[in-house]
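Notes follow once the structure below has been shown.
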Amino acid sequence: MSQRDLAAELHAARVPAPTALRERVRLIAAADRTPTPRRFTWRRALVVVLPVAAAIAASIVFTRPSGHTAQPVVERGIAHGSSTFKAAPAGIAPTLSVPAPSRTRAQRYGADLALRVPNPTRVSDGVKRALRIVRALGGYATSVHATTTGRDAHAELTLKVPRAHVQQAVSQLSALGTITGEQVDVQDLQTGLNSTDRTIARLQQQLKALRSRPASAANDATIAALVARVQKLQRAEASTIRAARYATVQLRLTTPVAKQATAGHGRLHGIVVALTWLGVGLAYALAIGAPLLVLCGLAWLALRTIRRRREDELLSRS
Amino acid sequence: MTFAQAAEKHLDDVYGYLAWFTSDRFAAEELTAETFERALRLWHRFDPQRGSARTWLCQVARTAALDHFRSERRRTRREQLAAVPDRVDATFADGLSPDLESALGALTAGEREVVALRIVLELDTGTAARVLGISATNCTTRLNRALKKLEEALHVAA
């Protein structure tokens with residue numbers, strides 16, 4: 001008998017299920033109350049919803065604008081007769097309104113301006129224009145440092161401006177570029193001057209009393225010492241008054257550098273950051289998970305082999 | 001397709017497969033009932049896109065049969081009987097020649113199983129391999145070996 005005949009005979013001899021078994025199976029099937037399987041189960045929905053929620057949360061976290069860059073922060077502090085007026089960089093800042101110097105009191109007035117200009121040429125032009133502005137207001141430059149390296153340029157100027165025109169000077173200088181930082185320090189010197197005046201007056205009264213006494217070697221020495229002290233105080237007072245006539249303005253002009261590149265973020269920056277961190281997380285997960293996966297795979301293969309061998313052994317019996 | 005429809009349609013196939021596999025009609029009846037009880041519990045897992053109901057029922061039946069073989073082996077060991085399991089009824093099907101019936105008795109359960117799936121139920125090689133949990137090549141090899149064994153037995157008997 002050929003294999004084909006053999007197969008035909010085997011196929012023809014099918015075994016029908018007995019009637020009793022058929023009835024039994026019908027009874028089993030009658031107990032079927034299983035609802036139609038849903039295509040979208042909660043497990044399948046979680047597989048989609050969880051990654052999407054994580055991506056949305058990451059996007060929100062990383063794309064949320066940081067509040068401190070939205071508005072320039074202005075801080076004002078006054079202590080012991082001095083005041084500080086500071087503006088933090090805000091990308092595009094308007095001309096700062098600095099406090100006016102007092103007309104009646106002596107003050108040490110200092111201003112610090114940091115400006116950003118688009119290119120090295122504008123730095124050079126800015127230096128020239130700043131010197132012109134200061135000269136026009138009756139001031140002068142005490143130091144000028146300018147550096148140009150390729151597409152980057154930097155200039156630092158120390159300018160002396162008559163205190164009466166400092167507001168005008170700051171206003172005109174701040175128009176040379178985009179303000180990235182500005183600080184104004186005002187220190188009141190009048191209290192110290194008044195105190196010196198009182199000391200000088202007291203010493204002069206002492207001198208007058210000493211001069212009215214009969215001349216003696218000791219008296220003459222005391223008078224000489226007092227005169228010297230009075231002259232020293234008067235020189236110091238004159239120096240303070242001279243210094244108070246001029247305000248010191250520190251001006252820095254720079255072109256955009258790497259710092260600017262990191263500060264100005266595009267709209268998609270947050271998503272890029274989120275994706276970067278997701279990638280980093282994925283790399284860590286792979287680095288840690290890959291060996292575990294390999295071990296699990298090997299264990300699974302071993303278990304399958306054992307199970308198959310046992311099965312083959314079981315089925316090798318007739 | 002509902003479970004009742006699937007049970008009605010494939011009952012003969014499942015029973016025939018188990019009868020050939022176990023070579024015991026009474027055991028096959030019990031296992032068929034157990035298969036459909038299990039299948040009813042697992043019916044929500046059945047996915048028609050991954051395979052036909054017949055294939056899925058044969059897989060459930062095979063699991064039930066393997067459990068039956070394991071329990072039989074434990075029982076025979078416990079009773080210290082011969083390793084050969086009891087065969088209450090060695091008649092595989094009606095209409096088989098006595099020589100073929102005898103030759104089938106010499107096959108192992110694994111060989112009878114592949115004959116039942118490939119020849120009696122006419123499953124294609126891929127589907128039969130999936131039911132058996134082996135590769136298609138292995139399935140074909142196993143079938144050829146079984147048929148050759150039957151052929152030789154019949155030749156000797158002749």
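Ligands are numbered from 1 in the order shown, chains are lettered A, B, ... in the order of the structure tokens, and residues start at 1 in each chain.
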
Near chain B, which residues of chain A fall within 12 Å when you count only C-alpha atoms, and what do they look like as an MDAnalysis selection string?
chainID A and resid 1:39 41 304:305 307:318

Go ahead and write the selection's residues with C-alpha atoms as a short mmCIF file (atom, residue, chain, number, x, y, z; two decimals), in the first residue's frame.
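Produced file part-v9.cif, reproduced below:
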```cif
data_model
loop_
_atom_site.label_atom_id
_atom_site.label_comp_id
_atom_site.auth_asym_id
_atom_site.auth_seq_id
_atom_site.Cartn_x
_atom_site.Cartn_y
_atom_site.Cartn_z
CA MET A 1 0.00 0.00 0.00
CA SER A 2 1.43 3.33 -1.00
CA GLN A 3 1.48 6.34 1.29
CA ARG A 4 -1.22 7.97 -0.84
CA ASP A 5 -3.56 4.97 -0.42
CA LEU A 6 -2.73 4.89 3.21
CA ALA A 7 -3.60 8.53 3.62
CA ALA A 8 -6.84 8.05 1.70
CA GLU A 9 -7.91 5.16 3.94
CA LEU A 10 -7.01 7.07 7.07
CA HIS A 11 -8.91 10.13 5.90
CA ALA A 12 -11.98 8.08 4.99
CA ALA A 13 -12.09 6.59 8.45
CA ARG A 14 -13.14 9.70 10.32
CA VAL A 15 -14.44 9.35 13.83
CA PRO A 16 -17.79 11.11 14.39
CA ALA A 17 -18.58 12.33 17.88
CA PRO A 18 -21.13 10.20 19.75
CA THR A 19 -24.59 11.66 20.22
CA ALA A 20 -24.22 11.72 23.99
CA LEU A 21 -21.05 13.77 23.69
CA ARG A 22 -22.72 16.13 21.24
CA GLU A 23 -25.54 16.77 23.71
CA ARG A 24 -23.04 17.29 26.48
CA VAL A 25 -21.10 19.84 24.48
CA ARG A 26 -24.33 21.62 23.54
CA LEU A 27 -25.13 21.95 27.23
CA ILE A 28 -21.68 23.40 27.83
CA ALA A 29 -22.11 25.83 24.95
CA ALA A 30 -25.55 26.85 26.22
CA ALA A 31 -23.86 28.26 29.30
CA ASP A 32 -22.01 30.75 27.11
CA ARG A 33 -22.67 34.25 28.41
CA THR A 34 -19.42 35.67 27.22
CA PRO A 35 -19.97 39.09 25.67
CA THR A 36 -18.51 39.80 22.28
CA PRO A 37 -14.85 40.64 22.81
CA ARG A 38 -14.29 44.36 22.56
CA ARG A 39 -11.66 45.57 20.20
CA THR A 41 -10.06 47.05 25.93
CA ARG A 304 10.86 26.02 26.23
CA THR A 305 13.51 23.44 25.42
CA ARG A 307 9.15 21.69 28.13
CA ARG A 308 9.49 20.37 24.58
CA ARG A 309 11.80 17.58 25.63
CA ARG A 310 9.36 16.52 28.33
CA GLU A 311 6.53 16.73 25.84
CA ASP A 312 8.42 14.66 23.29
CA GLU A 313 9.21 12.12 25.95
CA LEU A 314 5.58 12.02 26.95
CA LEU A 315 4.40 11.60 23.36
CA SER A 316 7.03 9.04 22.45
CA ARG A 317 4.91 6.40 24.17
CA SER A 318 2.39 4.55 22.12
#
```

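For the choices A:Arg43, A:His145, A:His265, A:Arg151, the atom-to-atom distance to Val117 in chain A is smallest for A:Arg151 when using only C-alpha atoms.
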
Taking the chain letters and numbering used in this document, name the residues of range 4-226 of chain A that DSSP puts in strand (DSSP E or B), as a PyMOL selection string.
chain A and resi 74-79+82-87+107-116+140-149+152-162+178-188

Okay, now the selection with N, CA and C atoms, as a compact mmCIF listing (two decimals), in the first residue's frame?
```txt
# COMPACT_ATOMS: atom_id res chain seq x y z
N VAL A 74 13.12 94.77 38.40
CA VAL A 74 13.66 96.03 38.89
C VAL A 74 13.70 95.98 40.40
N GLU A 75 14.89 96.15 40.94
CA GLU A 75 15.05 96.08 42.39
C GLU A 75 15.56 97.42 42.87
N ARG A 76 15.06 97.80 43.98
CA ARG A 76 15.52 99.08 44.53
C ARG A 76 15.80 98.87 46.02
N GLY A 77 16.97 99.27 46.43
CA GLY A 77 17.31 99.14 47.84
C GLY A 77 17.98 100.43 48.32
N ILE A 78 17.58 100.89 49.46
CA ILE A 78 18.17 102.12 50.00
C ILE A 78 18.66 101.82 51.41
N ALA A 79 19.92 102.11 51.66
CA ALA A 79 20.47 101.89 53.00
C ALA A 79 21.61 102.87 53.22
N SER A 82 22.43 105.47 50.53
CA SER A 82 22.76 105.07 49.16
C SER A 82 21.60 104.29 48.56
N SER A 83 21.45 104.36 47.27
CA SER A 83 20.37 103.61 46.62
C SER A 83 20.92 102.92 45.39
N THR A 84 20.33 101.75 45.10
CA THR A 84 20.75 100.98 43.93
C THR A 84 19.55 100.72 43.06
N PHE A 85 19.71 100.96 41.82
CA PHE A 85 18.61 100.77 40.87
C PHE A 85 19.12 99.81 39.81
N LYS A 86 18.54 98.62 39.75
CA LYS A 86 19.10 97.57 38.90
C LYS A 86 18.03 97.02 37.96
N ALA A 87 18.38 96.83 36.72
CA ALA A 87 17.47 96.21 35.75
C ALA A 87 18.12 94.97 35.19
N GLN A 107 26.13 114.06 45.85
CA GLN A 107 25.87 112.62 45.70
C GLN A 107 26.98 112.00 44.86
N ARG A 108 27.29 110.70 45.19
CA ARG A 108 28.18 109.96 44.31
C ARG A 108 27.26 109.12 43.40
N TYR A 109 27.34 109.40 42.14
CA TYR A 109 26.38 108.82 41.19
C TYR A 109 27.14 107.88 40.24
N GLY A 110 26.74 106.64 40.20
CA GLY A 110 27.40 105.67 39.31
C GLY A 110 26.36 104.93 38.49
N ALA A 111 26.64 104.73 37.23
CA ALA A 111 25.71 103.98 36.36
C ALA A 111 26.50 102.93 35.59
N ASP A 112 25.90 101.79 35.42
CA ASP A 112 26.55 100.69 34.70
C ASP A 112 25.60 100.21 33.60
N LEU A 113 26.04 100.29 32.38
CA LEU A 113 25.17 99.93 31.24
C LEU A 113 25.80 98.80 30.45
N ALA A 114 25.04 97.75 30.18
CA ALA A 114 25.52 96.66 29.31
C ALA A 114 24.59 96.63 28.10
N LEU A 115 25.18 96.78 26.93
CA LEU A 115 24.37 96.83 25.71
C LEU A 115 24.81 95.74 24.73
N ARG A 116 23.86 95.24 24.01
CA ARG A 116 24.18 94.25 22.98
C ARG A 116 23.98 94.90 21.61
N TYR A 140 33.99 113.35 30.04
CA TYR A 140 35.19 112.83 29.40
C TYR A 140 35.29 111.32 29.69
N ALA A 141 36.18 110.66 28.95
CA ALA A 141 36.37 109.22 29.16
C ALA A 141 37.65 108.99 29.93
N THR A 142 37.57 108.19 30.99
CA THR A 142 38.78 107.89 31.76
C THR A 142 39.46 106.63 31.24
N SER A 143 38.69 105.73 30.64
CA SER A 143 39.32 104.54 30.03
C SER A 143 38.43 103.99 28.93
N VAL A 144 39.08 103.48 27.90
CA VAL A 144 38.35 102.85 26.78
C VAL A 144 39.11 101.57 26.40
N HIS A 145 38.42 100.43 26.45
CA HIS A 145 39.02 99.16 26.02
C HIS A 145 38.10 98.54 24.98
N ALA A 146 38.66 98.22 23.84
CA ALA A 146 37.84 97.59 22.79
C ALA A 146 38.60 96.39 22.23
N THR A 147 37.88 95.27 22.06
CA THR A 147 38.49 94.03 21.55
C THR A 147 37.61 93.48 20.44
N THR A 148 38.24 93.05 19.37
CA THR A 148 37.49 92.41 18.29
C THR A 148 38.18 91.09 17.94
N THR A 149 37.41 90.00 17.97
CA THR A 149 37.95 88.68 17.61
C THR A 149 36.96 88.03 16.66
N ASP A 152 33.13 88.32 17.01
CA ASP A 152 32.82 88.80 18.36
C ASP A 152 33.60 90.09 18.64
N ALA A 153 32.93 91.02 19.27
CA ALA A 153 33.60 92.26 19.67
C ALA A 153 33.10 92.67 21.02
N HIS A 154 33.96 93.38 21.75
CA HIS A 154 33.63 93.78 23.12
C HIS A 154 34.30 95.11 23.42
N ALA A 155 33.61 96.02 24.04
CA ALA A 155 34.21 97.30 24.39
C ALA A 155 33.74 97.71 25.79
N GLU A 156 34.67 98.26 26.57
CA GLU A 156 34.34 98.73 27.92
C GLU A 156 34.83 100.17 28.05
N LEU A 157 33.95 101.04 28.45
CA LEU A 157 34.29 102.46 28.59
C LEU A 157 33.94 102.92 29.99
N THR A 158 34.84 103.71 30.57
CA THR A 158 34.54 104.37 31.85
C THR A 158 34.44 105.85 31.54
N LEU A 159 33.27 106.38 31.78
CA LEU A 159 32.99 107.76 31.37
C LEU A 159 32.64 108.61 32.58
N LYS A 160 33.09 109.84 32.55
CA LYS A 160 32.73 110.78 33.60
C LYS A 160 31.79 111.81 32.98
N VAL A 161 30.62 111.96 33.57
CA VAL A 161 29.59 112.85 33.03
C VAL A 161 29.17 113.80 34.14
N PRO A 162 29.01 115.09 33.85
CA PRO A 162 28.52 116.01 34.88
C PRO A 162 27.21 115.46 35.47
N THR A 178 20.82 97.20 22.41
CA THR A 178 19.79 96.59 23.24
C THR A 178 20.33 96.41 24.65
N ILE A 179 19.56 96.91 25.60
CA ILE A 179 20.02 96.85 26.99
C ILE A 179 19.95 95.41 27.49
N THR A 180 21.07 94.92 27.94
CA THR A 180 21.08 93.57 28.54
C THR A 180 21.31 93.64 30.04
N GLY A 181 21.77 94.80 30.53
CA GLY A 181 21.96 94.95 31.96
C GLY A 181 22.19 96.41 32.28
N GLU A 182 21.63 96.85 33.39
CA GLU A 182 21.77 98.26 33.74
C GLU A 182 21.69 98.41 35.25
N GLN A 183 22.57 99.21 35.78
CA GLN A 183 22.57 99.40 37.23
C GLN A 183 22.95 100.84 37.53
N VAL A 184 22.25 101.42 38.48
CA VAL A 184 22.55 102.80 38.88
C VAL A 184 22.75 102.82 40.39
N ASP A 185 23.86 103.34 40.82
CA ASP A 185 24.15 103.45 42.26
C ASP A 185 24.24 104.92 42.62
N VAL A 186 23.46 105.32 43.62
CA VAL A 186 23.48 106.71 44.07
C VAL A 186 23.80 106.70 45.57
N GLN A 187 24.86 107.39 45.92
CA GLN A 187 25.25 107.45 47.33
C GLN A 187 25.26 108.91 47.79
N ASP A 188 24.54 109.14 48.85
CA ASP A 188 24.45 110.52 49.35
C ASP A 188 25.72 110.87 50.14
```

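Each of B:Arg145, B:Arg130, B:Arg38, B:Lys9 was checked against Ala61 in chain B using only C-alpha atoms; the smallest atom-to-atom distance is that of B:Arg38.
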
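Taking CA of Ala224 in chain A and CA of Gly192 in chain A as endpoints, the distance between them is 24.8 Å.
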
Excluding Thr196 in chain A and residues on its chain fewer than 2 positions from it, collect all residues at most 10 Å away from it, counting only C-alpha atoms, and give them as a PDB file with C-alpha atoms, in the first residue's frame.
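part-v7.pdb was written with the following content:
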```
ATOM      1  CA  GLN A 190      25.908 115.473  51.916  1.00  0.00           C
ATOM      2  CA  THR A 191      25.649 114.015  55.402  1.00  0.00           C
ATOM      3  CA  GLY A 192      29.400 113.410  55.468  1.00  0.00           C
ATOM      4  CA  LEU A 193      30.111 116.905  54.154  1.00  0.00           C
ATOM      5  CA  ASN A 194      27.880 118.462  56.787  1.00  0.00           C
ATOM      6  CA  ARG A 198      30.778 120.944  61.742  1.00  0.00           C
ATOM      7  CA  THR A 199      34.151 119.453  62.645  1.00  0.00           C
ATOM      8  CA  ILE A 200      35.999 122.235  60.824  1.00  0.00           C
ATOM      9  CA  ALA A 201      33.856 124.874  62.559  1.00  0.00           C
ATOM     10  CA  ARG A 202      34.537 123.265  65.928  1.00  0.00           C
ATOM     11  CA  VAL A 230      41.581 121.777  59.444  1.00  0.00           C
ATOM     12  CA  LEU A 233      39.594 118.230  56.285  1.00  0.00           C
ATOM     13  CA  GLN A 234      39.045 121.125  53.891  1.00  0.00           C
ATOM     14  CA  ALA A 236      39.094 116.155  51.653  1.00  0.00           C
ATOM     15  CA  GLU A 237      35.829 118.072  51.522  1.00  0.00           C
TER      16      GLU A 237
END
```

Students should find that CA of Leu117 in chain B and CA of Val131 in chain B are spaced 8.7 Å
